[in-house]
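For reference, the structure is listed below as structure tokens.
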Amino acid sequence: MSKRGQQTDYAAELEKSYAEWDELFITGGSDPFWTDGVGLELVRNHIIFYKQQLEKQGNSLFGLPDAYYRELPPEVDCNYMARPDEIRENARKAMEIIDADENLKFVREQAPSLSEAQYKQFCIAAIINYAENLRRAITKDDLVIMRRYENPERYLESFEAAAQRIKNPECTRRINNNLTICDPEEDEDFEEENSETEQDIDVEISETEDEPDEDFQLRLF
């Protein structure tokens, strides 16, 4: 991978990828849609690619970095998830916290009385679905979705924001003036019930491969 004509230090990238694979295998990642198994396969392909590039750069196998001689990480089942029991326990605790949240209770109680415009502009369907999505994931033992809720504080903040919008008359006036409170198109962000890894995902070895996205934020508000 070169940027602006700079030559890639494949030895350094190889070391980094080995460390990344070890970390991902033990502690897991934070991708909201893909399993750790998918991420491990991608990193493994990076390792293969960097070794190939080092071979092309050298005149012989002598003088190659120590990381080059490290054993290639094993192939891992694409459904593999690190810390499965910890994720399940954290999901159970998060579900208890979410179900007890007073702001979410208020949103659920007020939802039937909201106008169609309010319901859409306040993204009420998405807010309520945050809780139901976790409930379904626990039932299905969907570790990928359950992992999203290991830090339930961001969901609680969304519940509070929705409750405040319902309580604040200014929100109603803004809706009447056709001002958007949030993007209704984002209602679908977390409604995907099946985030299980597809068996036929092709991960190509490429110098410009993208790694699984580690950043995940609620974009509702």
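Residues are referred to by chain and number: the chain letter is A, B, ... according to the order shown in the structure tokens, the number counts from 1 in that chain, and ligands are numbered separately from 1 in the order shown.
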Residues within 9 Å of Phe25 (chain A), only C-alpha atoms, excluding chain neighbours under 2 positions, as a PDB file with N, CA and C atoms, in the first residue's frame:
```pdb
ATOM      1  N   GLU A  20      -2.294  -7.792  14.825  1.00  0.00           N
ATOM      2  CA  GLU A  20      -3.730  -7.575  14.671  1.00  0.00           C
ATOM      3  C   GLU A  20      -4.493  -8.900  14.692  1.00  0.00           C
ATOM      4  N   TRP A  21      -3.949  -9.901  14.024  1.00  0.00           N
ATOM      5  CA  TRP A  21      -4.603 -11.217  14.000  1.00  0.00           C
ATOM      6  C   TRP A  21      -4.692 -11.793  15.408  1.00  0.00           C
ATOM      7  N   ASP A  22      -3.593 -11.719  16.158  1.00  0.00           N
ATOM      8  CA  ASP A  22      -3.571 -12.242  17.524  1.00  0.00           C
ATOM      9  C   ASP A  22      -4.604 -11.532  18.401  1.00  0.00           C
ATOM     10  N   GLU A  23      -4.645 -10.212  18.275  1.00  0.00           N
ATOM     11  CA  GLU A  23      -5.588  -9.423  19.080  1.00  0.00           C
ATOM     12  C   GLU A  23      -7.025  -9.754  18.713  1.00  0.00           C
ATOM     13  N   THR A  27      -9.400 -11.187  21.670  1.00  0.00           N
ATOM     14  CA  THR A  27     -10.366 -10.248  22.250  1.00  0.00           C
ATOM     15  C   THR A  27     -11.508  -9.898  21.311  1.00  0.00           C
ATOM     16  N   GLY A  28     -11.361 -10.204  20.022  1.00  0.00           N
ATOM     17  CA  GLY A  28     -12.417  -9.897  19.064  1.00  0.00           C
ATOM     18  C   GLY A  28     -12.368  -8.457  18.597  1.00  0.00           C
ATOM     19  N   GLY A  29     -13.178  -8.173  17.598  1.00  0.00           N
ATOM     20  CA  GLY A  29     -13.242  -6.824  17.047  1.00  0.00           C
ATOM     21  C   GLY A  29     -14.510  -6.113  17.479  1.00  0.00           C
ATOM     22  N   ASP A  36     -15.918 -12.061  13.842  1.00  0.00           N
ATOM     23  CA  ASP A  36     -14.465 -12.021  13.964  1.00  0.00           C
ATOM     24  C   ASP A  36     -13.823 -12.963  12.953  1.00  0.00           C
ATOM     25  N   GLY A  37     -14.510 -14.045  12.618  1.00  0.00           N
ATOM     26  CA  GLY A  37     -13.975 -14.976  11.631  1.00  0.00           C
ATOM     27  C   GLY A  37     -13.723 -14.314  10.294  1.00  0.00           C
ATOM     28  N   LEU A  40     -10.651 -12.088  10.698  1.00  0.00           N
ATOM     29  CA  LEU A  40      -9.428 -12.885  10.769  1.00  0.00           C
ATOM     30  C   LEU A  40      -8.983 -13.360   9.395  1.00  0.00           C
ATOM     31  N   TYR A  80     -16.736 -17.676  13.545  1.00  0.00           N
ATOM     32  CA  TYR A  80     -16.015 -17.582  14.819  1.00  0.00           C
ATOM     33  C   TYR A  80     -16.212 -16.205  15.455  1.00  0.00           C
ATOM     34  N   MET A  81     -16.442 -16.224  16.771  1.00  0.00           N
ATOM     35  CA  MET A  81     -16.511 -14.992  17.554  1.00  0.00           C
ATOM     36  C   MET A  81     -15.708 -15.193  18.826  1.00  0.00           C
ATOM     37  N   ALA A  82     -14.839 -14.243  19.127  1.00  0.00           N
ATOM     38  CA  ALA A  82     -14.086 -14.275  20.377  1.00  0.00           C
ATOM     39  C   ALA A  82     -15.020 -13.886  21.533  1.00  0.00           C
TER      40      ALA A  82
END
```
Would you write out, as JSON lines, a table of all residues in region 58-136 of chain A that have an atom no more than 12 Å from an atom of region 144-158 of chain A, listing for each the closest atom pair and the distance in Å to one decimal, considering only C-alpha atoms and ordering rows by chain and rising residue number?
```
{"residue": "A:Asn79", "atom": "CA", "partner": "A:Val144", "partner_atom": "CA", "distance": 9.6}
{"residue": "A:Tyr80", "atom": "CA", "partner": "A:Val144", "partner_atom": "CA", "distance": 10.2}
{"residue": "A:Met81", "atom": "CA", "partner": "A:Val144", "partner_atom": "CA", "distance": 8.0}
{"residue": "A:Ala82", "atom": "CA", "partner": "A:Val144", "partner_atom": "CA", "distance": 10.4}
{"residue": "A:Arg83", "atom": "CA", "partner": "A:Arg147", "partner_atom": "CA", "distance": 9.8}
{"residue": "A:Pro84", "atom": "CA", "partner": "A:Arg147", "partner_atom": "CA", "distance": 9.2}
{"residue": "A:Asp85", "atom": "CA", "partner": "A:Arg147", "partner_atom": "CA", "distance": 10.9}
{"residue": "A:Glu86", "atom": "CA", "partner": "A:Arg147", "partner_atom": "CA", "distance": 9.4}
{"residue": "A:Ile87", "atom": "CA", "partner": "A:Arg147", "partner_atom": "CA", "distance": 5.8}
{"residue": "A:Arg88", "atom": "CA", "partner": "A:Met146", "partner_atom": "CA", "distance": 6.9}
{"residue": "A:Glu89", "atom": "CA", "partner": "A:Glu150", "partner_atom": "CA", "distance": 9.2}
{"residue": "A:Asn90", "atom": "CA", "partner": "A:Glu150", "partner_atom": "CA", "distance": 5.6}
{"residue": "A:Ala91", "atom": "CA", "partner": "A:Met146", "partner_atom": "CA", "distance": 5.5}
{"residue": "A:Arg92", "atom": "CA", "partner": "A:Met146", "partner_atom": "CA", "distance": 8.8}
{"residue": "A:Lys93", "atom": "CA", "partner": "A:Glu150", "partner_atom": "CA", "distance": 8.7}
{"residue": "A:Ala94", "atom": "CA", "partner": "A:Pro152", "partner_atom": "CA", "distance": 5.9}
{"residue": "A:Met95", "atom": "CA", "partner": "A:Tyr149", "partner_atom": "CA", "distance": 8.5}
{"residue": "A:Glu96", "atom": "CA", "partner": "A:Pro152", "partner_atom": "CA", "distance": 10.3}
{"residue": "A:Ile97", "atom": "CA", "partner": "A:Pro152", "partner_atom": "CA", "distance": 7.9}
{"residue": "A:Ile98", "atom": "CA", "partner": "A:Leu156", "partner_atom": "CA", "distance": 7.1}
{"residue": "A:Asp99", "atom": "CA", "partner": "A:Leu156", "partner_atom": "CA", "distance": 10.4}
{"residue": "A:Ala100", "atom": "CA", "partner": "A:Leu156", "partner_atom": "CA", "distance": 10.4}
{"residue": "A:Asp101", "atom": "CA", "partner": "A:Leu156", "partner_atom": "CA", "distance": 7.4}
{"residue": "A:Glu102", "atom": "CA", "partner": "A:Leu156", "partner_atom": "CA", "distance": 9.6}
{"residue": "A:Asn103", "atom": "CA", "partner": "A:Leu156", "partner_atom": "CA", "distance": 7.9}
{"residue": "A:Leu104", "atom": "CA", "partner": "A:Leu156", "partner_atom": "CA", "distance": 8.0}
{"residue": "A:Lys105", "atom": "CA", "partner": "A:Leu156", "partner_atom": "CA", "distance": 11.4}
{"residue": "A:Val107", "atom": "CA", "partner": "A:Ser158", "partner_atom": "CA", "distance": 10.8}
{"residue": "A:Phe122", "atom": "CA", "partner": "A:Ser158", "partner_atom": "CA", "distance": 10.7}
{"residue": "A:Cys123", "atom": "CA", "partner": "A:Ser158", "partner_atom": "CA", "distance": 10.3}
{"residue": "A:Ile124", "atom": "CA", "partner": "A:Ser158", "partner_atom": "CA", "distance": 10.4}
{"residue": "A:Ala126", "atom": "CA", "partner": "A:Ser158", "partner_atom": "CA", "distance": 9.9}
{"residue": "A:Ile127", "atom": "CA", "partner": "A:Ser158", "partner_atom": "CA", "distance": 7.1}
{"residue": "A:Ile128", "atom": "CA", "partner": "A:Ser158", "partner_atom": "CA", "distance": 10.2}
{"residue": "A:Asn129", "atom": "CA", "partner": "A:Tyr155", "partner_atom": "CA", "distance": 10.8}
{"residue": "A:Tyr130", "atom": "CA", "partner": "A:Tyr155", "partner_atom": "CA", "distance": 7.4}
{"residue": "A:Ala131", "atom": "CA", "partner": "A:Tyr155", "partner_atom": "CA", "distance": 8.7}
{"residue": "A:Glu132", "atom": "CA", "partner": "A:Ile145", "partner_atom": "CA", "distance": 11.4}
{"residue": "A:Asn133", "atom": "CA", "partner": "A:Ile145", "partner_atom": "CA", "distance": 7.9}
{"residue": "A:Leu134", "atom": "CA", "partner": "A:Met146", "partner_atom": "CA", "distance": 6.2}
{"residue": "A:Arg135", "atom": "CA", "partner": "A:Met146", "partner_atom": "CA", "distance": 8.9}
{"residue": "A:Arg136", "atom": "CA", "partner": "A:Ile145", "partner_atom": "CA", "distance": 9.2}
```
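Shortest atom-to-atom contact with Cys78 (chain A) among A:Phe106, A:Trp34, A:Tyr119, A:Tyr10: A:Trp34, counting only C-alpha atoms.
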DSSP-assigned alpha helix (DSSP H) among region 82-153 of chain A, expressed as a PDB file with N, CA, C and O atoms, in the first residue's frame:
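What ended up in result12.pdb:
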```pdb
ATOM      1  N   PRO A  84     -17.382 -15.349  23.366  1.00  0.00           N
ATOM      2  CA  PRO A  84     -18.823 -15.556  23.198  1.00  0.00           C
ATOM      3  C   PRO A  84     -19.612 -15.484  24.509  1.00  0.00           C
ATOM      4  O   PRO A  84     -20.675 -14.846  24.553  1.00  0.00           O
ATOM      5  N   ASP A  85     -19.094 -16.112  25.562  1.00  0.00           N
ATOM      6  CA  ASP A  85     -19.826 -16.111  26.832  1.00  0.00           C
ATOM      7  C   ASP A  85     -19.877 -14.711  27.438  1.00  0.00           C
ATOM      8  O   ASP A  85     -20.893 -14.309  28.021  1.00  0.00           O
ATOM      9  N   GLU A  86     -18.788 -13.970  27.293  1.00  0.00           N
ATOM     10  CA  GLU A  86     -18.755 -12.598  27.808  1.00  0.00           C
ATOM     11  C   GLU A  86     -19.749 -11.722  27.058  1.00  0.00           C
ATOM     12  O   GLU A  86     -20.452 -10.891  27.660  1.00  0.00           O
ATOM     13  N   ILE A  87     -19.817 -11.891  25.754  1.00  0.00           N
ATOM     14  CA  ILE A  87     -20.767 -11.111  24.951  1.00  0.00           C
ATOM     15  C   ILE A  87     -22.201 -11.430  25.365  1.00  0.00           C
ATOM     16  O   ILE A  87     -23.037 -10.529  25.504  1.00  0.00           O
ATOM     17  N   ARG A  88     -22.487 -12.700  25.582  1.00  0.00           N
ATOM     18  CA  ARG A  88     -23.841 -13.092  25.992  1.00  0.00           C
ATOM     19  C   ARG A  88     -24.216 -12.483  27.342  1.00  0.00           C
ATOM     20  O   ARG A  88     -25.328 -11.990  27.512  1.00  0.00           O
ATOM     21  N   GLU A  89     -23.281 -12.532  28.278  1.00  0.00           N
ATOM     22  CA  GLU A  89     -23.554 -11.992  29.602  1.00  0.00           C
ATOM     23  C   GLU A  89     -23.741 -10.474  29.546  1.00  0.00           C
ATOM     24  O   GLU A  89     -24.646  -9.917  30.184  1.00  0.00           O
ATOM     25  N   ASN A  90     -22.901  -9.803  28.781  1.00  0.00           N
ATOM     26  CA  ASN A  90     -23.032  -8.347  28.642  1.00  0.00           C
ATOM     27  C   ASN A  90     -24.352  -7.972  27.972  1.00  0.00           C
ATOM     28  O   ASN A  90     -24.975  -6.955  28.316  1.00  0.00           O
ATOM     29  N   ALA A  91     -24.786  -8.788  27.012  1.00  0.00           N
ATOM     30  CA  ALA A  91     -26.057  -8.530  26.334  1.00  0.00           C
ATOM     31  C   ALA A  91     -27.221  -8.692  27.305  1.00  0.00           C
ATOM     32  O   ALA A  91     -28.186  -7.912  27.278  1.00  0.00           O
ATOM     33  N   ARG A  92     -27.134  -9.704  28.152  1.00  0.00           N
ATOM     34  CA  ARG A  92     -28.198  -9.914  29.138  1.00  0.00           C
ATOM     35  C   ARG A  92     -28.300  -8.720  30.088  1.00  0.00           C
ATOM     36  O   ARG A  92     -29.403  -8.229  30.381  1.00  0.00           O
ATOM     37  N   LYS A  93     -27.144  -8.246  30.548  1.00  0.00           N
ATOM     38  CA  LYS A  93     -27.131  -7.094  31.448  1.00  0.00           C
ATOM     39  C   LYS A  93     -27.650  -5.845  30.733  1.00  0.00           C
ATOM     40  O   LYS A  93     -28.406  -5.051  31.318  1.00  0.00           O
ATOM     41  N   ALA A  94     -27.241  -5.672  29.468  1.00  0.00           N
ATOM     42  CA  ALA A  94     -27.696  -4.509  28.702  1.00  0.00           C
ATOM     43  C   ALA A  94     -29.209  -4.545  28.511  1.00  0.00           C
ATOM     44  O   ALA A  94     -29.873  -3.507  28.571  1.00  0.00           O
ATOM     45  N   MET A  95     -29.753  -5.737  28.286  1.00  0.00           N
ATOM     46  CA  MET A  95     -31.194  -5.866  28.092  1.00  0.00           C
ATOM     47  C   MET A  95     -31.945  -5.450  29.349  1.00  0.00           C
ATOM     48  O   MET A  95     -32.975  -4.774  29.272  1.00  0.00           O
ATOM     49  N   GLU A  96     -31.424  -5.818  30.504  1.00  0.00           N
ATOM     50  CA  GLU A  96     -32.045  -5.424  31.769  1.00  0.00           C
ATOM     51  C   GLU A  96     -32.025  -3.909  31.941  1.00  0.00           C
ATOM     52  O   GLU A  96     -33.013  -3.300  32.368  1.00  0.00           O
ATOM     53  N   ILE A  97     -30.890  -3.307  31.603  1.00  0.00           N
ATOM     54  CA  ILE A  97     -30.752  -1.851  31.732  1.00  0.00           C
ATOM     55  C   ILE A  97     -31.701  -1.135  30.772  1.00  0.00           C
ATOM     56  O   ILE A  97     -32.378  -0.162  31.141  1.00  0.00           O
ATOM     57  N   ILE A  98     -31.764  -1.608  29.542  1.00  0.00           N
ATOM     58  CA  ILE A  98     -32.614  -0.977  28.532  1.00  0.00           C
ATOM     59  C   ILE A  98     -34.087  -1.111  28.896  1.00  0.00           C
ATOM     60  O   ILE A  98     -34.858  -0.153  28.793  1.00  0.00           O
ATOM     61  N   ASP A  99     -34.505  -2.290  29.334  1.00  0.00           N
ATOM     62  CA  ASP A  99     -35.905  -2.503  29.696  1.00  0.00           C
ATOM     63  C   ASP A  99     -36.329  -1.648  30.889  1.00  0.00           C
ATOM     64  O   ASP A  99     -37.504  -1.296  31.022  1.00  0.00           O
ATOM     65  N   GLU A 102     -36.361   4.590  31.946  1.00  0.00           N
ATOM     66  CA  GLU A 102     -37.599   5.365  32.028  1.00  0.00           C
ATOM     67  C   GLU A 102     -37.869   6.154  30.752  1.00  0.00           C
ATOM     68  O   GLU A 102     -39.023   6.361  30.378  1.00  0.00           O
ATOM     69  N   ASN A 103     -36.824   6.612  30.102  1.00  0.00           N
ATOM     70  CA  ASN A 103     -37.027   7.373  28.856  1.00  0.00           C
ATOM     71  C   ASN A 103     -37.613   6.490  27.765  1.00  0.00           C
ATOM     72  O   ASN A 103     -38.512   6.912  27.029  1.00  0.00           O
ATOM     73  N   LEU A 104     -37.123   5.257  27.653  1.00  0.00           N
ATOM     74  CA  LEU A 104     -37.673   4.343  26.654  1.00  0.00           C
ATOM     75  C   LEU A 104     -39.124   4.006  26.993  1.00  0.00           C
ATOM     76  O   LEU A 104     -39.975   3.933  26.088  1.00  0.00           O
ATOM     77  N   LYS A 105     -39.405   3.806  28.271  1.00  0.00           N
ATOM     78  CA  LYS A 105     -40.796   3.544  28.672  1.00  0.00           C
ATOM     79  C   LYS A 105     -41.701   4.703  28.262  1.00  0.00           C
ATOM     80  O   LYS A 105     -42.811   4.500  27.766  1.00  0.00           O
ATOM     81  N   PHE A 106     -41.195   5.919  28.459  1.00  0.00           N
ATOM     82  CA  PHE A 106     -41.975   7.103  28.097  1.00  0.00           C
ATOM     83  C   PHE A 106     -42.208   7.156  26.590  1.00  0.00           C
ATOM     84  O   PHE A 106     -43.327   7.449  26.136  1.00  0.00           O
ATOM     85  N   VAL A 107     -41.187   6.889  25.815  1.00  0.00           N
ATOM     86  CA  VAL A 107     -41.313   6.901  24.353  1.00  0.00           C
ATOM     87  C   VAL A 107     -42.348   5.874  23.909  1.00  0.00           C
ATOM     88  O   VAL A 107     -43.195   6.157  23.050  1.00  0.00           O
ATOM     89  N   ARG A 108     -42.303   4.691  24.481  1.00  0.00           N
ATOM     90  CA  ARG A 108     -43.263   3.648  24.112  1.00  0.00           C
ATOM     91  C   ARG A 108     -44.687   4.066  24.474  1.00  0.00           C
ATOM     92  O   ARG A 108     -45.637   3.824  23.717  1.00  0.00           O
ATOM     93  N   GLU A 109     -44.836   4.681  25.639  1.00  0.00           N
ATOM     94  CA  GLU A 109     -46.165   5.102  26.078  1.00  0.00           C
ATOM     95  C   GLU A 109     -46.730   6.207  25.194  1.00  0.00           C
ATOM     96  O   GLU A 109     -47.935   6.230  24.907  1.00  0.00           O
ATOM     97  N   GLN A 110     -45.877   7.121  24.770  1.00  0.00           N
ATOM     98  CA  GLN A 110     -46.325   8.274  23.997  1.00  0.00           C
ATOM     99  C   GLN A 110     -46.445   7.993  22.505  1.00  0.00           C
ATOM    100  O   GLN A 110     -47.128   8.732  21.789  1.00  0.00           O
ATOM    101  N   GLU A 116     -48.368  11.259  12.676  1.00  0.00           N
ATOM    102  CA  GLU A 116     -47.530  10.531  11.729  1.00  0.00           C
ATOM    103  C   GLU A 116     -46.228  11.272  11.468  1.00  0.00           C
ATOM    104  O   GLU A 116     -45.153  10.666  11.364  1.00  0.00           O
ATOM    105  N   ALA A 117     -46.330  12.602  11.379  1.00  0.00           N
ATOM    106  CA  ALA A 117     -45.135  13.410  11.127  1.00  0.00           C
ATOM    107  C   ALA A 117     -44.169  13.322  12.300  1.00  0.00           C
ATOM    108  O   ALA A 117     -42.958  13.190  12.118  1.00  0.00           O
ATOM    109  N   GLN A 118     -44.706  13.413  13.518  1.00  0.00           N
ATOM    110  CA  GLN A 118     -43.856  13.308  14.696  1.00  0.00           C
ATOM    111  C   GLN A 118     -43.187  11.942  14.772  1.00  0.00           C
ATOM    112  O   GLN A 118     -42.001  11.827  15.059  1.00  0.00           O
ATOM    113  N   TYR A 119     -43.974  10.912  14.540  1.00  0.00           N
ATOM    114  CA  TYR A 119     -43.457   9.540  14.634  1.00  0.00           C
ATOM    115  C   TYR A 119     -42.280   9.335  13.676  1.00  0.00           C
ATOM    116  O   TYR A 119     -41.280   8.715  14.023  1.00  0.00           O
ATOM    117  N   LYS A 120     -42.433   9.922  12.480  1.00  0.00           N
ATOM    118  CA  LYS A 120     -41.379   9.769  11.477  1.00  0.00           C
ATOM    119  C   LYS A 120     -40.190  10.660  11.787  1.00  0.00           C
ATOM    120  O   LYS A 120     -39.046  10.215  11.762  1.00  0.00           O
ATOM    121  N   GLN A 121     -40.443  11.911  12.090  1.00  0.00           N
ATOM    122  CA  GLN A 121     -39.364  12.866  12.300  1.00  0.00           C
ATOM    123  C   GLN A 121     -38.570  12.561  13.573  1.00  0.00           C
ATOM    124  O   GLN A 121     -37.377  12.823  13.634  1.00  0.00           O
ATOM    125  N   ILE A 124     -39.157   7.326  15.891  1.00  0.00           N
ATOM    126  CA  ILE A 124     -39.642   6.503  16.997  1.00  0.00           C
ATOM    127  C   ILE A 124     -39.488   5.016  16.702  1.00  0.00           C
ATOM    128  O   ILE A 124     -39.134   4.229  17.583  1.00  0.00           O
ATOM    129  N   ALA A 125     -39.740   4.613  15.459  1.00  0.00           N
ATOM    130  CA  ALA A 125     -39.615   3.197  15.112  1.00  0.00           C
ATOM    131  C   ALA A 125     -38.204   2.694  15.371  1.00  0.00           C
ATOM    132  O   ALA A 125     -38.004   1.592  15.908  1.00  0.00           O
ATOM    133  N   ALA A 126     -37.213   3.483  14.998  1.00  0.00           N
ATOM    134  CA  ALA A 126     -35.822   3.080  15.206  1.00  0.00           C
ATOM    135  C   ALA A 126     -35.485   3.018  16.683  1.00  0.00           C
ATOM    136  O   ALA A 126     -34.811   2.091  17.143  1.00  0.00           O
ATOM    137  N   ILE A 127     -35.966   4.008  17.443  1.00  0.00           N
ATOM    138  CA  ILE A 127     -35.690   4.051  18.872  1.00  0.00           C
ATOM    139  C   ILE A 127     -36.226   2.795  19.565  1.00  0.00           C
ATOM    140  O   ILE A 127     -35.529   2.121  20.325  1.00  0.00           O
ATOM    141  N   ILE A 128     -37.486   2.485  19.303  1.00  0.00           N
ATOM    142  CA  ILE A 128     -38.095   1.303  19.923  1.00  0.00           C
ATOM    143  C   ILE A 128     -37.398   0.032  19.452  1.00  0.00           C
ATOM    144  O   ILE A 128     -37.220  -0.922  20.218  1.00  0.00           O
ATOM    145  N   ASN A 129     -36.978   0.029  18.196  1.00  0.00           N
ATOM    146  CA  ASN A 129     -36.361  -1.167  17.642  1.00  0.00           C
ATOM    147  C   ASN A 129     -34.991  -1.463  18.241  1.00  0.00           C
ATOM    148  O   ASN A 129     -34.540  -2.609  18.231  1.00  0.00           O
ATOM    149  N   TYR A 130     -34.311  -0.435  18.789  1.00  0.00           N
ATOM    150  CA  TYR A 130     -33.032  -0.689  19.427  1.00  0.00           C
ATOM    151  C   TYR A 130     -33.176  -1.772  20.490  1.00  0.00           C
ATOM    152  O   TYR A 130     -32.354  -2.686  20.588  1.00  0.00           O
ATOM    153  N   ALA A 131     -34.219  -1.656  21.301  1.00  0.00           N
ATOM    154  CA  ALA A 131     -34.438  -2.637  22.362  1.00  0.00           C
ATOM    155  C   ALA A 131     -34.866  -3.981  21.796  1.00  0.00           C
ATOM    156  O   ALA A 131     -34.375  -5.030  22.218  1.00  0.00           O
ATOM    157  N   GLU A 132     -35.789  -3.950  20.850  1.00  0.00           N
ATOM    158  CA  GLU A 132     -36.299  -5.204  20.292  1.00  0.00           C
ATOM    159  C   GLU A 132     -35.230  -5.941  19.492  1.00  0.00           C
ATOM    160  O   GLU A 132     -35.225  -7.175  19.435  1.00  0.00           O
ATOM    161  N   ASN A 133     -34.341  -5.187  18.873  1.00  0.00           N
ATOM    162  CA  ASN A 133     -33.260  -5.805  18.112  1.00  0.00           C
ATOM    163  C   ASN A 133     -32.362  -6.639  19.024  1.00  0.00           C
ATOM    164  O   ASN A 133     -31.963  -7.764  18.683  1.00  0.00           O
ATOM    165  N   LEU A 134     -32.062  -6.104  20.196  1.00  0.00           N
ATOM    166  CA  LEU A 134     -31.249  -6.844  21.160  1.00  0.00           C
ATOM    167  C   LEU A 134     -32.004  -8.063  21.665  1.00  0.00           C
ATOM    168  O   LEU A 134     -31.428  -9.146  21.798  1.00  0.00           O
ATOM    169  N   ARG A 135     -33.281  -7.903  21.924  1.00  0.00           N
ATOM    170  CA  ARG A 135     -34.082  -9.021  22.419  1.00  0.00           C
ATOM    171  C   ARG A 135     -34.079 -10.173  21.405  1.00  0.00           C
ATOM    172  O   ARG A 135     -33.940 -11.341  21.762  1.00  0.00           O
ATOM    173  N   ARG A 136     -34.246  -9.829  20.126  1.00  0.00           N
ATOM    174  CA  ARG A 136     -34.224 -10.867  19.090  1.00  0.00           C
ATOM    175  C   ARG A 136     -32.846 -11.522  18.996  1.00  0.00           C
ATOM    176  O   ARG A 136     -32.729 -12.732  18.802  1.00  0.00           O
ATOM    177  N   ALA A 137     -31.801 -10.702  19.126  1.00  0.00           N
ATOM    178  CA  ALA A 137     -30.442 -11.229  19.026  1.00  0.00           C
ATOM    179  C   ALA A 137     -30.150 -12.224  20.145  1.00  0.00           C
ATOM    180  O   ALA A 137     -29.505 -13.256  19.918  1.00  0.00           O
ATOM    181  N   ILE A 138     -30.618 -11.912  21.346  1.00  0.00           N
ATOM    182  CA  ILE A 138     -30.428 -12.830  22.473  1.00  0.00           C
ATOM    183  C   ILE A 138     -31.162 -14.138  22.211  1.00  0.00           C
ATOM    184  O   ILE A 138     -30.629 -15.229  22.453  1.00  0.00           O
ATOM    185  N   THR A 139     -32.365 -14.038  21.697  1.00  0.00           N
ATOM    186  CA  THR A 139     -33.140 -15.241  21.391  1.00  0.00           C
ATOM    187  C   THR A 139     -32.461 -16.095  20.340  1.00  0.00           C
ATOM    188  O   THR A 139     -32.432 -17.328  20.429  1.00  0.00           O
ATOM    189  N   LYS A 140     -31.900 -15.434  19.333  1.00  0.00           N
ATOM    190  CA  LYS A 140     -31.247 -16.146  18.230  1.00  0.00           C
ATOM    191  C   LYS A 140     -29.785 -16.472  18.516  1.00  0.00           C
ATOM    192  O   LYS A 140     -29.132 -17.135  17.711  1.00  0.00           O
ATOM    193  N   LEU A 143     -24.375 -13.302  18.129  1.00  0.00           N
ATOM    194  CA  LEU A 143     -23.308 -12.639  18.867  1.00  0.00           C
ATOM    195  C   LEU A 143     -22.881 -11.309  18.247  1.00  0.00           C
ATOM    196  O   LEU A 143     -22.451 -10.399  18.955  1.00  0.00           O
ATOM    197  N   VAL A 144     -22.979 -11.197  16.943  1.00  0.00           N
ATOM    198  CA  VAL A 144     -22.575  -9.952  16.275  1.00  0.00           C
ATOM    199  C   VAL A 144     -23.466  -8.796  16.733  1.00  0.00           C
ATOM    200  O   VAL A 144     -22.977  -7.720  17.087  1.00  0.00           O
ATOM    201  N   ILE A 145     -24.766  -9.018  16.727  1.00  0.00           N
ATOM    202  CA  ILE A 145     -25.679  -7.963  17.164  1.00  0.00           C
ATOM    203  C   ILE A 145     -25.552  -7.730  18.655  1.00  0.00           C
ATOM    204  O   ILE A 145     -25.533  -6.582  19.123  1.00  0.00           O
ATOM    205  N   MET A 146     -25.448  -8.799  19.430  1.00  0.00           N
ATOM    206  CA  MET A 146     -25.320  -8.634  20.885  1.00  0.00           C
ATOM    207  C   MET A 146     -24.091  -7.812  21.239  1.00  0.00           C
ATOM    208  O   MET A 146     -24.111  -7.027  22.192  1.00  0.00           O
ATOM    209  N   ARG A 147     -23.018  -7.968  20.469  1.00  0.00           N
ATOM    210  CA  ARG A 147     -21.793  -7.221  20.756  1.00  0.00           C
ATOM    211  C   ARG A 147     -21.996  -5.723  20.599  1.00  0.00           C
ATOM    212  O   ARG A 147     -21.325  -4.919  21.254  1.00  0.00           O
ATOM    213  N   ARG A 148     -22.923  -5.306  19.743  1.00  0.00           N
ATOM    214  CA  ARG A 148     -23.185  -3.873  19.566  1.00  0.00           C
ATOM    215  C   ARG A 148     -23.651  -3.219  20.865  1.00  0.00           C
ATOM    216  O   ARG A 148     -23.497  -2.009  21.053  1.00  0.00           O
ATOM    217  N   GLU A 153     -24.769   2.615  26.992  1.00  0.00           N
ATOM    218  CA  GLU A 153     -24.948   4.035  27.291  1.00  0.00           C
ATOM    219  C   GLU A 153     -25.368   4.837  26.069  1.00  0.00           C
ATOM    220  O   GLU A 153     -26.193   5.749  26.162  1.00  0.00           O
TER     221      GLU A 153
END
```
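Across the model, the gap from CA of Tyr68 (chain A) to CA of His46 (chain A) is 12.5 Å.
Distance annotation: of A:Tyr18, A:Ser113, A:Pro32, A:Phe159, the residue with the minimal separation from Pro74 (chain A) is A:Tyr18; atom set is only C-alpha atoms.
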Would you tabulate, counting only C-alpha atoms, all residues of region 63-182 of chain A that have an atom at most 10 Å from an atom of region 48-58 of chain A, showing the closest pair of atoms and their distance in Å to one decimal, sorted by chain then ascending number, as a Markdown table?
```
| residue | atom | partner | partner_atom | distance |
| --- | --- | --- | --- | --- |
| A:Gly63 | CA | A:Gly58 | CA | 7.9 |
| A:Leu64 | CA | A:Leu54 | CA | 7.3 |
| A:Pro65 | CA | A:Leu54 | CA | 8.8 |
| A:Ala67 | CA | A:Lys51 | CA | 8.9 |
| A:Tyr68 | CA | A:Lys51 | CA | 6.1 |
| A:Tyr69 | CA | A:Lys51 | CA | 9.1 |
| A:Leu72 | CA | A:Ile48 | CA | 7.7 |
| A:Pro73 | CA | A:Ile48 | CA | 9.7 |
```
